file coords26.cif (mmCIF, C-alpha atoms)
data_work
loop_
_atom_site.label_atom_id
_atom_site.label_comp_id
_atom_site.auth_asym_id
_atom_site.auth_seq_id
_atom_site.Cartn_x
_atom_site.Cartn_y
_atom_site.Cartn_z
CA MET X 158 0.00 0.00 0.00
CA GLU X 159 1.33 3.41 -1.01
CA ARG X 160 2.55 5.55 1.89
CA ILE X 161 0.45 8.70 2.30
CA TYR X 162 2.74 11.13 4.09
CA SER X 163 0.17 13.93 4.03
CA ILE X 164 -2.17 12.08 6.40
CA ASP X 165 0.55 11.78 9.05
CA PHE X 166 1.47 15.41 8.34
CA ILE X 167 -2.09 16.54 9.14
CA LYS X 168 -2.27 14.18 12.12
CA PHE X 169 0.61 16.09 13.69
CA PHE X 170 -1.49 19.27 13.77
CA ALA X 171 -4.52 17.26 14.86
CA ILE X 172 -2.81 15.75 17.90
CA LEU X 173 -1.23 19.11 18.75
CA ALA X 174 -4.74 20.60 18.63
CA VAL X 175 -5.98 17.92 21.04
CA VAL X 176 -3.22 18.74 23.55
CA VAL X 177 -3.96 22.47 23.24
CA LEU X 178 -7.67 21.83 23.88
CA HIS X 179 -6.89 19.86 27.02
CA ILE X 180 -4.49 22.46 28.44
CA PHE X 181 -5.69 25.96 27.66
CA PRO X 182 -8.59 27.22 29.82
CA LEU X 183 -11.68 28.13 27.80
CA ASP X 184 -12.32 31.52 29.41
CA GLY X 185 -8.70 32.42 29.99
CA PHE X 186 -7.90 34.01 26.62
CA THR X 187 -9.97 35.60 23.90
CA GLY X 188 -8.18 33.73 21.13
CA TYR X 189 -8.77 30.37 22.78
CA PHE X 190 -12.42 30.37 21.75
CA ILE X 191 -11.30 30.45 18.12
CA ILE X 192 -8.70 27.72 18.72
CA ASP X 193 -11.25 25.60 20.58
CA ASN X 194 -13.61 25.55 17.61
CA ILE X 195 -11.04 25.28 14.80
CA ALA X 196 -9.41 22.29 16.53
CA ARG X 197 -12.61 20.26 16.38
CA PHE X 198 -11.39 18.59 13.18
CA ALA X 199 -8.79 16.55 15.09
CA VAL X 200 -10.63 13.51 16.44
CA PRO X 201 -12.92 13.19 13.36
CA PHE X 202 -9.79 13.17 11.20
CA PHE X 203 -8.31 10.35 13.32
CA PHE X 204 -11.46 8.28 12.81
CA ALA X 205 -11.50 8.98 9.06
CA ALA X 206 -7.82 8.04 8.68
CA SER X 207 -8.41 4.79 10.60
CA GLY X 208 -11.38 3.96 8.38
CA TYR X 209 -9.46 4.72 5.20
CA PHE X 210 -6.52 2.45 6.02
CA PHE X 211 -8.82 -0.30 7.33
CA ALA X 212 -10.72 -0.25 4.01
CA GLN X 213 -7.47 -0.38 2.04
CA LYS X 214 -6.48 -3.52 3.95
CA MET X 215 -9.94 -5.02 3.46
CA ILE X 216 -9.59 -4.53 -0.29
CA GLN X 217 -6.11 -6.08 -0.34
CA LYS X 218 -7.11 -9.04 1.81
CA ASN X 219 -10.51 -9.61 0.17
CA ALA X 220 -12.48 -8.67 3.30
CA SER X 221 -10.65 -11.25 5.39
CA PHE X 222 -12.17 -11.98 8.80
CA ILE X 223 -8.70 -12.94 10.00
CA TYR X 224 -7.49 -9.38 9.37
CA LEU X 225 -10.53 -7.92 11.15
CA LYS X 226 -9.85 -10.20 14.09
CA SER X 227 -6.17 -9.22 14.31
CA TYR X 228 -6.99 -5.51 13.92
CA VAL X 229 -9.68 -5.52 16.61
CA ILE X 230 -7.55 -7.58 18.99
CA LYS X 231 -4.71 -5.09 18.53
CA LEU X 232 -7.03 -2.19 19.43
CA MET X 233 -8.46 -4.12 22.37
CA LYS X 234 -4.99 -4.84 23.73
CA ILE X 235 -4.10 -1.16 23.57
CA TYR X 236 -7.38 -0.21 25.24
CA PHE X 237 -7.25 -2.70 28.10
CA VAL X 238 -3.55 -2.14 28.83
CA TRP X 239 -4.13 1.59 29.22
CA LEU X 240 -7.43 1.07 31.02
CA ILE X 241 -5.54 -0.97 33.63
CA PHE X 242 -2.77 1.65 33.71
CA TYR X 243 -5.16 4.53 34.39
CA THR X 244 -7.07 2.45 36.94
CA ILE X 245 -3.88 1.70 38.89
CA TYR X 246 -2.89 5.37 38.69
CA ASP X 247 -6.30 6.50 39.97
CA VAL X 248 -6.31 4.00 42.83
CA LEU X 249 -2.79 4.99 43.90
CA PHE X 250 -3.85 8.62 43.87
CA VAL X 251 -6.83 7.81 46.12
CA PHE X 252 -4.46 6.19 48.64
CA LEU X 253 -2.08 9.16 48.43
CA LYS X 254 -4.89 11.58 49.28
CA GLY X 255 -5.62 9.44 52.35
CA ASN X 256 -9.08 10.86 53.03
CA GLU X 257 -12.01 8.42 53.23
CA VAL X 258 -10.12 5.91 51.11
CA GLN X 259 -12.74 3.15 51.28
CA GLU X 260 -15.64 5.43 50.38
CA SER X 261 -13.64 7.00 47.55
CA LEU X 262 -12.74 3.60 46.09
CA ILE X 263 -16.35 2.39 46.27
CA LYS X 264 -17.52 5.54 44.52
CA TYR X 265 -14.74 5.18 41.94
CA PHE X 266 -15.46 1.54 41.05
CA ASP X 267 -19.22 2.16 40.91
CA LYS X 268 -18.51 3.73 37.51
CA PHE X 269 -17.00 0.46 36.25
CA THR X 270 -20.14 -0.78 34.53
CA LEU X 271 -19.99 -2.98 31.44
CA LEU X 272 -21.55 -0.20 29.39
CA ASN X 273 -18.95 2.33 30.53
CA LEU X 274 -15.97 0.00 30.13
CA LEU X 275 -16.87 -1.85 26.94
CA TYR X 276 -18.82 0.79 25.02
CA TYR X 277 -18.27 4.34 26.29
CA GLY X 278 -14.65 3.75 27.29
CA LYS X 279 -14.96 5.79 30.44
CA GLY X 280 -14.69 5.28 34.19
CA THR X 281 -11.05 6.30 34.75
CA SER X 282 -9.08 9.54 34.48
CA GLY X 283 -8.14 8.31 31.00
CA TYR X 284 -11.25 9.91 29.52
CA GLN X 285 -9.65 9.97 26.05
CA LEU X 286 -9.81 6.16 25.82
CA TRP X 287 -13.36 6.48 24.49
CA PHE X 288 -11.76 6.89 21.06
CA LEU X 289 -10.54 3.28 21.12
CA THR X 290 -13.86 1.71 22.13
CA ALA X 291 -15.68 3.84 19.55
CA LEU X 292 -13.20 2.79 16.86
CA ILE X 293 -13.48 -0.91 17.79
CA TRP X 294 -17.29 -0.96 17.57
CA SER X 295 -17.30 1.19 14.44
CA THR X 296 -14.82 -1.14 12.72
CA VAL X 297 -16.87 -4.25 13.55
CA ILE X 298 -20.04 -2.66 12.15
CA ILE X 299 -18.19 -1.49 9.03
CA TYR X 300 -16.84 -4.99 8.44
CA VAL X 301 -20.36 -6.46 8.43
CA PHE X 302 -21.54 -3.94 5.83
CA PHE X 303 -18.30 -4.32 3.88
CA ARG X 304 -18.90 -8.05 3.51
CA MET X 305 -22.47 -7.36 2.35
CA LYS X 306 -21.12 -4.72 -0.07
CA LYS X 307 -23.43 -2.13 1.49
CA ILE X 308 -20.98 0.57 2.55
CA ASN X 309 -23.06 3.24 0.80
CA LEU X 310 -26.07 2.18 2.86
CA LEU X 311 -24.00 2.31 6.05
CA PHE X 312 -22.74 5.77 5.08
CA ALA X 313 -26.33 6.98 4.78
CA ILE X 314 -27.32 5.39 8.10
CA SER X 315 -24.24 6.72 9.89
CA ILE X 316 -24.70 10.30 8.70
CA VAL X 317 -28.30 10.28 9.94
CA LEU X 318 -27.11 8.99 13.32
CA ASN X 319 -24.36 11.60 13.41
CA LEU X 320 -26.80 14.41 12.65
CA LEU X 321 -29.10 13.15 15.39
CA GLY X 322 -26.12 13.07 17.73
CA LEU X 323 -25.22 16.66 16.83
CA LEU X 324 -28.78 17.80 17.50
CA GLY X 325 -28.74 16.02 20.83
CA GLN X 326 -25.34 17.37 21.89
CA ALA X 327 -24.39 20.70 20.30
CA TYR X 328 -27.87 21.89 19.34
CA THR X 329 -29.82 20.91 22.46
CA MET X 330 -31.82 24.13 22.27
CA PHE X 331 -33.52 22.67 19.19
CA PHE X 332 -33.63 18.95 19.97
CA ASP X 333 -33.16 16.95 23.17
CA LEU X 334 -31.94 13.42 22.48
CA PRO X 335 -32.71 11.12 25.45
CA VAL X 336 -29.14 9.80 25.90
CA SER X 337 -26.38 10.94 28.26
CA THR X 338 -23.80 11.47 25.52
CA THR X 339 -23.54 11.05 21.77
CA ARG X 340 -19.74 11.14 21.65
CA ASP X 341 -19.57 7.38 21.16
CA ALA X 342 -19.40 4.72 18.45
CA LEU X 343 -22.96 4.87 17.20
CA PHE X 344 -23.52 8.62 16.93
CA PHE X 345 -19.97 9.81 16.29
CA GLY X 346 -17.22 7.31 15.56
CA LEU X 347 -19.22 5.24 13.08
CA PHE X 348 -19.88 8.13 10.72
CA TYR X 349 -16.33 9.49 10.56
CA THR X 350 -14.79 6.02 10.28
CA THR X 351 -17.27 5.17 7.50
CA LEU X 352 -16.38 8.48 5.86
CA GLY X 353 -12.77 7.30 5.71
CA VAL X 354 -13.86 3.95 4.29
CA SER X 355 -15.89 5.75 1.62
CA PHE X 356 -12.80 7.69 0.53
CA ALA X 357 -11.19 4.32 -0.22
CA VAL X 358 -14.08 2.49 -1.92
CA ASN X 359 -16.69 4.96 -3.18
CA LYS X 360 -16.34 5.79 -6.90
CA HIS X 361 -18.13 9.14 -6.47
CA PHE X 362 -15.57 10.18 -3.86
CA ASN X 363 -12.79 9.25 -6.28
CA LYS X 364 -14.29 11.52 -8.94
CA LEU X 365 -14.27 14.43 -6.50
CA ARG X 366 -10.53 13.93 -6.03
CA LYS X 367 -9.98 15.42 -9.49
CA ILE X 368 -10.36 18.88 -7.95
CA SER X 369 -7.01 20.39 -6.99
CA GLY X 370 -5.67 19.91 -3.50
CA ILE X 371 -5.22 23.65 -2.95
CA THR X 372 -8.94 24.13 -3.64
CA TYR X 373 -9.81 21.62 -0.94
CA LEU X 374 -7.41 23.29 1.48
CA GLY X 375 -9.11 26.61 0.81
CA LEU X 376 -12.54 25.04 1.37
CA ALA X 377 -11.31 23.48 4.63
CA ILE X 378 -10.14 26.89 5.85
CA ILE X 379 -13.44 28.53 4.90
CA CYS X 380 -15.43 25.79 6.67
CA SER X 381 -13.16 26.15 9.72
CA LEU X 382 -14.17 29.81 9.91
CA ILE X 383 -17.81 28.77 9.58
CA GLN X 384 -17.19 26.31 12.41
CA VAL X 385 -15.97 29.18 14.61
CA MET X 386 -19.09 31.16 13.72
CA GLU X 387 -21.27 28.17 14.62
CA GLY X 388 -19.49 27.83 17.93
CA TYR X 389 -19.92 31.55 18.65
CA LEU X 390 -23.63 31.52 17.85
CA LEU X 391 -24.29 28.43 19.95
CA ASP X 392 -22.18 29.52 22.91
CA LYS X 393 -22.69 33.28 23.04
CA VAL X 394 -25.98 33.96 21.32
CA LEU X 395 -28.05 30.84 21.98
CA ASP X 396 -26.43 30.09 25.35
CA GLY X 397 -25.28 26.63 24.32
CA SER X 398 -22.20 24.77 25.46
CA HIS X 399 -18.64 24.82 24.15
CA GLY X 400 -16.47 21.89 23.23
CA GLU X 401 -18.85 20.29 20.78
CA TYR X 402 -18.79 19.23 17.13
CA PHE X 403 -20.91 20.96 14.51
CA PHE X 404 -22.40 20.42 11.07
CA SER X 405 -19.44 22.28 9.59
CA THR X 406 -17.03 19.83 11.26
CA ILE X 407 -18.12 17.23 8.71
CA LEU X 408 -17.09 19.49 5.83
CA VAL X 409 -13.78 20.49 7.41
CA THR X 410 -12.84 16.83 7.91
CA ALA X 411 -13.89 15.81 4.41
CA PHE X 412 -12.07 18.67 2.67
CA LEU X 413 -8.90 18.07 4.69
CA PHE X 414 -8.99 14.41 3.72
CA PHE X 415 -9.46 15.27 0.04
CA PHE X 416 -6.49 17.62 0.35
CA ALA X 417 -4.37 14.86 1.92
CA LEU X 418 -5.25 12.31 -0.78
CA ASN X 419 -4.50 14.80 -3.55
CA ASN X 420 -1.10 15.71 -2.06
CA LYS X 421 0.25 12.41 -0.75
CA LYS X 422 3.90 13.48 -0.65
CA ILE X 423 3.40 16.56 1.54
CA GLY X 424 5.43 16.18 4.71
CA LYS X 425 7.74 13.47 3.38
CA GLY X 426 10.97 13.38 5.36
CA LEU X 427 9.79 15.93 7.95
CA TRP X 428 10.06 15.35 11.70
CA ILE X 429 6.48 16.48 12.26
CA THR X 430 5.26 13.81 9.83
CA LYS X 431 7.10 11.18 11.85
CA VAL X 432 5.48 12.52 15.02
CA GLY X 433 2.07 12.54 13.32
CA GLY X 434 2.50 8.86 12.58
CA ASN X 435 2.65 8.29 16.36
CA ALA X 436 -0.41 10.43 17.12
CA LEU X 437 -2.30 7.59 18.81
CA GLY X 438 0.47 7.09 21.35
CA ILE X 439 0.59 10.80 22.18
CA TYR X 440 -3.20 10.86 22.39
CA ILE X 441 -3.28 8.02 24.92
CA ILE X 442 -0.34 9.11 27.10
CA HIS X 443 -0.67 12.90 27.30
CA VAL X 444 -3.68 12.80 29.63
CA PHE X 445 -1.61 10.93 32.24
CA PHE X 446 1.07 13.63 32.29
CA LEU X 447 -1.59 16.33 32.33
CA ASP X 448 -3.38 14.83 35.31
CA LEU X 449 -0.16 14.09 37.18
CA ILE X 450 1.26 17.61 36.79
CA ASN X 451 -2.09 19.32 37.41
CA ASN X 452 -2.48 17.43 40.67
CA ALA X 453 1.05 18.45 41.67
CA LEU X 454 0.24 22.10 40.89
CA LYS X 455 -2.95 21.87 42.95
CA TYR X 456 -0.97 20.46 45.85
CA LEU X 457 1.46 23.39 45.60
CA ASP X 458 -1.53 25.76 45.34
CA VAL X 459 -0.26 27.41 42.14
CA LYS X 460 -2.49 25.81 39.52
CA GLN X 461 -4.99 28.67 39.22
CA LEU X 462 -2.23 31.27 39.07
CA LEU X 463 -0.35 29.43 36.32
CA THR X 464 -3.49 28.53 34.38
CA GLU X 465 -4.19 32.23 33.83
CA ASN X 466 -0.69 32.82 32.48
CA PHE X 467 -0.52 32.64 28.68
CA ILE X 468 3.25 32.04 28.49
CA TRP X 469 2.97 29.18 31.01
CA ASN X 470 0.24 27.51 28.95
CA VAL X 471 2.31 27.75 25.76
CA PHE X 472 5.37 26.15 27.33
CA TYR X 473 3.20 23.67 29.23
CA THR X 474 1.60 22.55 25.96
CA ILE X 475 5.01 22.11 24.29
CA PHE X 476 6.33 20.18 27.30
CA ILE X 477 3.35 17.81 27.50
CA PHE X 478 3.47 17.22 23.76
CA ILE X 479 7.19 16.44 23.68
CA ILE X 480 7.29 14.28 26.80
CA SER X 481 4.27 12.31 25.57
CA TYR X 482 5.88 11.67 22.18
CA TYR X 483 9.24 10.57 23.56
CA THR X 484 7.64 8.46 26.30
CA TYR X 485 5.62 6.63 23.65
CA HIS X 486 8.73 6.27 21.48
CA PHE X 487 10.65 4.84 24.46
CA LEU X 488 7.83 2.38 25.24
CA GLN X 489 7.81 1.21 21.62
CA GLN X 490 11.56 0.63 21.74
CA MET X 491 11.20 -1.37 24.95
CA LYS X 492 8.41 -3.41 23.37
CA SER X 493 10.61 -4.21 20.36
CA GLU X 494 13.55 -5.23 22.54
CA ILE X 495 11.36 -7.49 24.66
CA LYS X 496 10.03 -9.20 21.50
CA GLU X 497 13.57 -9.71 20.22
#
call {"tool": "encode", "arguments": {"input": "coords26.cif", "output": "structure tokens"}}
result
Amino acid sequence: MERIYSIDFIKFFAILAVVVLHIFPLDGFTGYFIIDNIARFAVPFFFAASGYFFAQKMIQKNASFIYLKSYVIKLMKIYFVWLIFYTIYDVLFVFLKGNEVQESLIKYFDKFTLLNLLYYGKGTSGYQLWFLTALIWSTVIIYVFFRMKKINLLFAISIVLNLLGLLGQAYTMFFDLPVSTTRDALFFGLFYTTLGVSFAVNKHFNKLRKISGITYLGLAIICSLIQVMEGYLLDKVLDGSHGEYFFSTILVTAFLFFFALNNKKIGKGLWITKVGGNALGIYIIHVFFLDLINNALKYLDVKQLLTENFIWNVFYTIFIFIISYYTYHFLQQMKSEIKE
């Protein structure tokens, strides 16, 4: 399969955007509101990239169940290893606090329901792990429709579900969906992963790739600005909530992916492209360092003071990003040496 450097190149900016979102306080800086909304492309792009490469493998291996099995098991191993890691970290932190340990542990493990652990991917401080459970379930559903040669049907179903999820999450002033969250496999991950699959198998998508890459980049920028406007209207005018995905997020993700596929060599040989190829590792690890350092700052009673400092947040973001990347790189080296 041909290496697409541009996808890893964009993933670098996507994972950097995720780290920025998790560090900068929403109300601390005027410009953060713009960053908060522009950066919404990140996780959808990760899902789309995963779907695209999964579909490419399915085509090569003639929709092999063996490949599906190995792919899902790989994702499950990553998920459960880090679920255990974050659980141990959380439990140790409860003991370190030393106040009402038994009650705190009971309250903590009450969240360990099958639905939370196996579907929503939540229950620990590793809240970002929901991406893995959503990707696992989305991939399994996609495989079923892939074997039936009904990906177009699944795309239609998934976009309806995604739109319902948007109405029930970002546009609650218009529609109240009776579920606790729609940031999951069914309402979120399935659509964007199927979108990536469609880029690989849908003939109509291939025809659209004839448009120049620079045109798609321009459209992505325009839709990003529209996304900021949507966020402003929902948050400031209609008194909605921040940190959500919008209708325009779909267009931003799609146009960025078209741009990547039309410019496959962009980023070749660059360090940031190499880092982008390890985006999943940074995504999984960075929350641990964030939580660890934030708890230390709270203990020293300086967290609020530093959080309001722009320069601190810039350097804090760079530090978390770099230490997460090199920690993941070190763990991968250790894994390789153990195998050898």
call {"tool": "closest_residue", "arguments": {"input": "coords26.cif", "among": "X:Leu418, X:Leu391, X:Val258, X:Val336", "to": "Ile371 (chain X)", "atoms": "all atoms listed in the file"}}
result
X:Leu418
call {"tool": "atom_distance", "arguments": {"input": "coords26.cif", "atom1": "CA of Phe169 (chain X)", "atom2": "CA of Tyr440 (chain X)"}}
result
10.8 Å
call {"tool": "closest_residue", "arguments": {"input": "coords26.cif", "among": "X:Arg160, X:His179, X:Arg197, X:Lys306", "to": "Leu382 (chain X)", "atoms": "only C-alpha atoms"}}
result
X:Arg197
call {"tool": "residues_around", "arguments": {"input": "coords26.cif", "residues": "Lys214 (chain X)", "least_positions_apart": "4", "cutoff": "12 Å", "atoms": "only C-alpha atoms", "output": "MDAnalysis selection string"}}
result
chainID X and resid 158:159 207:210 218:225 227:228 300 303 354 357:358
call {"tool": "closest_atom_pairs", "arguments": {"input": "coords26.cif", "of": "region 389-449 of chain X", "to": "region 453-462 of chain X", "cutoff": "12 Å", "atoms": "all atoms listed in the file", "output": "tab-separated table"}}
result
residue	atom	partner	partner_atom	distance
X:Phe446	CA	X:Ala453	CA	10.5
X:Leu447	CA	X:Ala453	CA	9.9
X:Asp448	CA	X:Ala453	CA	8.6
X:Leu449	CA	X:Ala453	CA	6.4
call {"tool": "closest_residue", "arguments": {"input": "coords26.cif", "among": "X:Asp193, X:Glu260, X:Asp392, X:Glu497", "to": "Val177 (chain X)", "atoms": "all atoms listed in the file"}}
result
X:Asp193
call {"tool": "atom_distance", "arguments": {"input": "coords26.cif", "atom1": "CA of Thr406 (chain X)", "atom2": "CA of Gln384 (chain X)"}}
result
6.6 Å
call {"tool": "atom_distance", "arguments": {"input": "coords26.cif", "atom1": "CA of Phe204 (chain X)", "atom2": "CA of Gly346 (chain X)"}}
result
6.5 Å
call {"tool": "resolve_selection", "arguments": {"input": "coords26.cif", "expression": "the PyMOL selection byres ((chain X and resi 165) around 6)", "output": "compact mmCIF listing (two decimals) with C-alpha atoms, in the frame of the given file"}}
result
# COMPACT_ATOMS: atom_id res chain seq x y z
CA TYR X 162 2.74 11.13 4.09
CA SER X 163 0.17 13.93 4.03
CA ILE X 164 -2.17 12.08 6.40
CA PHE X 166 1.47 15.41 8.34
CA ILE X 167 -2.09 16.54 9.14
CA LYS X 168 -2.27 14.18 12.12
CA THR X 430 5.26 13.81 9.83
CA GLY X 433 2.07 12.54 13.32
CA GLY X 434 2.50 8.86 12.58
call {"tool": "closest_residue", "arguments": {"input": "coords26.cif", "among": "X:Met305, X:Leu352, X:Ala411, X:Ile172", "to": "Ile475 (chain X)", "atoms": "all atoms listed in the file"}}
result
X:Ile172
call {"tool": "closest_residue", "arguments": {"input": "coords26.cif", "among": "X:Thr484, X:Leu320, X:Phe181, X:Asn452", "to": "Leu253 (chain X)", "atoms": "only C-alpha atoms"}}
result
X:Asn452
call {"tool": "residues_around", "arguments": {"input": "coords26.cif", "residues": "Phe312 (chain X)", "least_positions_apart": "3", "cutoff": "10 Å", "atoms": "all atoms listed in the file", "output": "PyMOL selection string"}}
result
chain X and resi 299+302+307-309+315-318+347-352+354-355
call {"tool": "closest_residue", "arguments": {"input": "coords26.cif", "among": "X:Ile480, X:Ile450, X:Ser282, X:Val229", "to": "Tyr246 (chain X)", "atoms": "only C-alpha atoms"}}
result
X:Ser282
call {"tool": "residues_around", "arguments": {"input": "coords26.cif", "residues": "Gly375 (chain X)", "least_positions_apart": "2", "cutoff": "12 Å", "atoms": "only C-alpha atoms", "output": "ChimeraX atom specification"}}
result
/X:368-373,377-382,408-409,412-413,415-416
call {"tool": "write_last_selection", "arguments": {"input": "coords26.cif", "atoms": "C-alpha atoms", "output": "short mmCIF file (atom, residue, chain, number, x, y, z; two decimals), in the frame of the given file"}}
result
data_model
loop_
_atom_site.label_atom_id
_atom_site.label_comp_id
_atom_site.auth_asym_id
_atom_site.auth_seq_id
_atom_site.Cartn_x
_atom_site.Cartn_y
_atom_site.Cartn_z
CA ILE X 368 -10.36 18.88 -7.95
CA SER X 369 -7.01 20.39 -6.99
CA GLY X 370 -5.67 19.91 -3.50
CA ILE X 371 -5.22 23.65 -2.95
CA THR X 372 -8.94 24.13 -3.64
CA TYR X 373 -9.81 21.62 -0.94
CA ALA X 377 -11.31 23.48 4.63
CA ILE X 378 -10.14 26.89 5.85
CA ILE X 379 -13.44 28.53 4.90
CA CYS X 380 -15.43 25.79 6.67
CA SER X 381 -13.16 26.15 9.72
CA LEU X 382 -14.17 29.81 9.91
CA LEU X 408 -17.09 19.49 5.83
CA VAL X 409 -13.78 20.49 7.41
CA PHE X 412 -12.07 18.67 2.67
CA LEU X 413 -8.90 18.07 4.69
CA PHE X 415 -9.46 15.27 0.04
CA PHE X 416 -6.49 17.62 0.35
#
call {"tool": "residues_around", "arguments": {"input": "coords26.cif", "residues": "Ala196 (chain X)", "least_positions_apart": "4", "cutoff": "8 Å", "atoms": "all atoms listed in the file", "output": "PyMOL selection string"}}
result
chain X and resi 171+174-175+178+192
call {"tool": "residues_near_point", "arguments": {"input": "coords26.cif", "point": "(-11.6, 5.9, 28.9)", "cutoff": "12 Å", "atoms": "all atoms listed in the file", "output": "ChimeraX atom specification"}}
result
/X:235-244,268-269,272-291,341,440-442,444-445
